[in-house]
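The structure file input.pdb is reproduced below (PDB, C-alpha atoms).
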```pdb
ATOM      1  CA  MET A  22       0.000   0.000   0.000
ATOM      2  CA  LYS A  23       1.252   3.430  -0.950
ATOM      3  CA  LEU A  24       0.165   6.713   0.648
ATOM      4  CA  VAL A  25      -1.472   8.702  -2.162
ATOM      5  CA  GLU A  26      -3.473  11.432  -0.394
ATOM      6  CA  GLU A  27      -3.791  13.172   2.948
ATOM      7  CA  TYR A  28      -6.823  15.198   3.987
ATOM      8  CA  VAL A  29      -6.518  17.692   6.852
ATOM      9  CA  GLY A  30      -9.130  20.227   7.814
ATOM     10  CA  THR A  31     -12.467  20.885   9.447
ATOM     11  CA  GLY A  32     -15.680  19.343   8.198
ATOM     12  CA  SER A  33     -18.870  17.710   9.387
ATOM     13  CA  LEU A  34     -19.784  14.197  10.400
ATOM     14  CA  ARG A  35     -23.054  12.440   9.578
ATOM     15  CA  ALA A  36     -24.223   9.268  11.322
ATOM     16  CA  ALA A  37     -27.786   8.018  10.861
ATOM     17  CA  ASP A  38     -29.948  10.920  12.070
ATOM     18  CA  ARG A  39     -27.069  12.874  13.657
ATOM     19  CA  ARG A  40     -24.970  15.613  12.088
ATOM     20  CA  VAL A  41     -22.031  17.195  13.854
ATOM     21  CA  ASP A  42     -20.508  20.308  12.338
ATOM     22  CA  ARG A  43     -16.974  21.571  12.930
ATOM     23  CA  VAL A  44     -15.048  18.346  13.495
ATOM     24  CA  SER A  45     -11.371  18.444  12.648
ATOM     25  CA  TYR A  46      -9.860  15.524  10.759
ATOM     26  CA  ARG A  47      -6.589  14.064   9.507
ATOM     27  CA  ILE A  48      -7.148  11.268   7.024
ATOM     28  CA  HIS A  49      -4.655   9.210   4.966
ATOM     29  CA  ARG A  50      -5.617   7.268   1.826
ATOM     30  CA  PHE A  51      -3.421   4.367   0.797
ATOM     31  CA  GLN A  52      -3.656   2.689  -2.613
ATOM     32  CA  GLY A  53      -2.768  -0.917  -3.388
ATOM     33  CA  MET A  54      -0.126  -1.146  -6.081
ATOM     34  CA  GLY A  55       0.761  -4.018  -8.391
ATOM     35  CA  LEU A  56       4.274  -5.250  -9.090
ATOM     36  CA  SER A  57       4.271  -3.089 -12.222
ATOM     37  CA  GLY A  58       3.789   0.005 -10.066
ATOM     38  CA  LEU A  59       0.265   0.608 -11.367
ATOM     39  CA  PRO A  60      -2.638   1.008  -8.922
ATOM     40  CA  ILE A  61      -4.927  -1.953  -8.302
ATOM     41  CA  PRO A  62      -8.513  -0.689  -8.772
ATOM     42  CA  GLY A  63     -10.619  -0.984  -5.620
ATOM     43  CA  LEU A  64      -7.740  -1.992  -3.345
ATOM     44  CA  HIS A  65      -7.319   0.846  -0.864
ATOM     45  CA  ARG A  66      -7.303   1.700   2.814
ATOM     46  CA  ILE A  67      -8.437   4.942   4.405
ATOM     47  CA  GLU A  68      -7.442   5.613   7.999
ATOM     48  CA  GLY A  69      -7.186   8.590  10.238
ATOM     49  CA  ILE A  70      -8.648  10.481  13.130
ATOM     50  CA  VAL A  71     -11.692  12.706  13.597
ATOM     51  CA  SER A  72     -12.120  14.977  16.622
ATOM     52  CA  LEU A  73     -14.837  13.052  18.437
ATOM     53  CA  PRO A  74     -14.388  14.997  21.693
ATOM     54  CA  ALA A  75     -16.580  17.600  19.947
ATOM     55  CA  VAL A  76     -19.312  14.938  19.669
ATOM     56  CA  ALA A  77     -21.678  14.342  22.587
ATOM     57  CA  ASP A  78     -21.761  10.626  23.500
ATOM     58  CA  ALA A  79     -18.887   9.854  21.118
ATOM     59  CA  ALA A  80     -18.630   6.294  22.456
ATOM     60  CA  THR A  81     -22.034   5.500  20.916
ATOM     61  CA  LEU A  82     -20.474   6.008  17.468
ATOM     62  CA  VAL A  83     -17.910   3.200  17.876
ATOM     63  CA  GLY A  84     -18.584   0.655  15.152
ATOM     64  CA  ALA A  85     -20.958   2.999  13.333
ATOM     65  CA  ASN A  86     -20.784   3.783   9.644
ATOM     66  CA  VAL A  87     -20.446   7.543   9.239
ATOM     67  CA  THR A  88     -19.930  10.024   6.442
ATOM     68  CA  LEU A  89     -17.228  12.641   6.795
ATOM     69  CA  ASP A  90     -17.875  15.725   4.677
ATOM     70  CA  LEU A  91     -14.516  17.285   3.832
ATOM     71  CA  GLU A  92     -13.802  21.011   3.462
ATOM     72  CA  ASP A  93     -13.418  20.643  -0.299
ATOM     73  CA  GLY A  94     -16.929  19.215  -0.757
ATOM     74  CA  ARG A  95     -15.974  15.547  -1.072
ATOM     75  CA  SER A  96     -17.371  12.927   1.305
ATOM     76  CA  LEU A  97     -15.842   9.768   2.730
ATOM     77  CA  ALA A  98     -17.778   6.767   4.035
ATOM     78  CA  LEU A  99     -15.934   5.547   7.133
ATOM     79  CA  THR A 100     -16.344   3.327  10.186
ATOM     80  CA  VAL A 101     -15.555   4.682  13.659
ATOM     81  CA  ALA A 102     -13.022   2.291  15.208
ATOM     82  CA  ASP A 103     -12.771   3.688  18.730
ATOM     83  CA  ALA A 104     -13.952   6.456  21.067
ATOM     84  CA  ASP A 105     -10.755   8.428  20.422
ATOM     85  CA  GLY A 106     -12.004   9.083  16.891
ATOM     86  CA  ARG A 107      -9.940   6.632  14.873
ATOM     87  CA  VAL A 108     -11.734   5.940  11.575
ATOM     88  CA  LEU A 109     -11.099   3.549   8.706
ATOM     89  CA  ALA A 110     -12.419   2.093   5.477
ATOM     90  CA  GLU A 111     -11.010  -0.613   3.246
ATOM     91  CA  GLY A 112     -11.529  -1.481  -0.372
ATOM     92  CA  HIS A 113     -11.377  -5.096  -1.364
ATOM     93  CA  GLY A 114      -9.758  -5.143  -4.773
ATOM     94  CA  PRO A 115     -10.797  -7.021  -7.888
ATOM     95  CA  GLY A 116     -12.000 -10.605  -7.877
ATOM     96  CA  HIS A 117     -14.075 -10.573  -4.704
ATOM     97  CA  GLY A 118     -17.460 -11.083  -6.302
ATOM     98  CA  CYS A 119     -18.838  -7.568  -6.022
ATOM     99  CA  GLY A 120     -18.834  -6.709  -9.733
ATOM    100  CA  CYS A 121     -17.764  -3.117  -9.131
ATOM    101  CA  CYS A 122     -14.118  -3.525 -10.080
TER     102      CYS A 122
END
```
Can you give me the file's structure in the form of structure tokens?
Amino acid sequence: MKLVEEYVGTGSLRAADRRVDRVSYRIHRFQGMGLSGLPIPGLHRIEGIVSLPAVADAATLVGANVTLDLEDGRSLALTVADADGRVLAEGHGPGHGCGCC
């Protein structure tokens, strides 16, 4: 996996019927690479941290699927890994039966 992007800023977090504005984030996106040096479509990992101390009852978000809206207008679908705000998402790569890549 090769680090290909880093997102740092302040955005908003959406989880089910909750929306929390003004959460800071630092996110890294890693891309799977083949032996040829070309990217492997769908094989990626996104990990980072979101400022959950700004979120009331942050512990209730552990294990939840959330959407992080970045400053630049893009959105990332993530899973909250722990109450400290660690988040992650993984792509699966080709050949896993999904038909998307």
Next item on the list: May I ask for the distance between CA of Gly30 in chain A and CA of Thr88 in chain A, given in Å to one decimal place?
Entry: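 Result for CA of Gly30 in chain A versus CA of Thr88 in chain A: 14.9 Å, one decimal.
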Next item on the list: Spell out the residues picked by the PyMOL selection byres ((chain A and resi 28) around 7) here, as a ChimeraX atom specification.
Entry: /A:26-27,29-30,47-49
Next item on the list: Please write the residues picked by the PyMOL selection byres ((chain A and resi 96-111) around 7) on this file as an NGL selection string.
Entry: :A and (65-73 or 79-80 or 82-91 or 94-95 or 112-113)
Margin query: Under the rule that only C-alpha atoms are counted, which of A:Glu92, A:Leu56, A:Lys23, A:Leu64 is the nearest residue to Arg43 in chain A?
Written below: A:Glu92
Note to self: Just the number, please: distance in Å from CA of Ala36 in chain A to CA of Arg50 in chain A, one decimal.
What the structure shows: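 Pair CA of Ala36 in chain A / CA of Arg50 in chain A returns 21.0 Å.
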Next item on the list: Figure out the distance between CA of Pro62 in chain A and CA of Thr31 in chain A, please, to one decimal in Å.
Entry: 28.5 Å
Range 93-103 of chain A: axis-aligned bounding box, 5 Å on each side, centre and edge lengths in Å, one decimal, as lines of an AutoDock Vina configuration file:
```
center_x = -15.3
center_y = 11.5
center_z = 8.8
size_x = 15.0
size_y = 28.4
size_z = 29.8
```
Note to self: Evaluate the PyMOL selection byres ((chain A and resi 60) around 12) against this structure - the residues, as a ChimeraX atom specification, please.
What the structure shows: /A:22-25,51-59,61-65,114-115
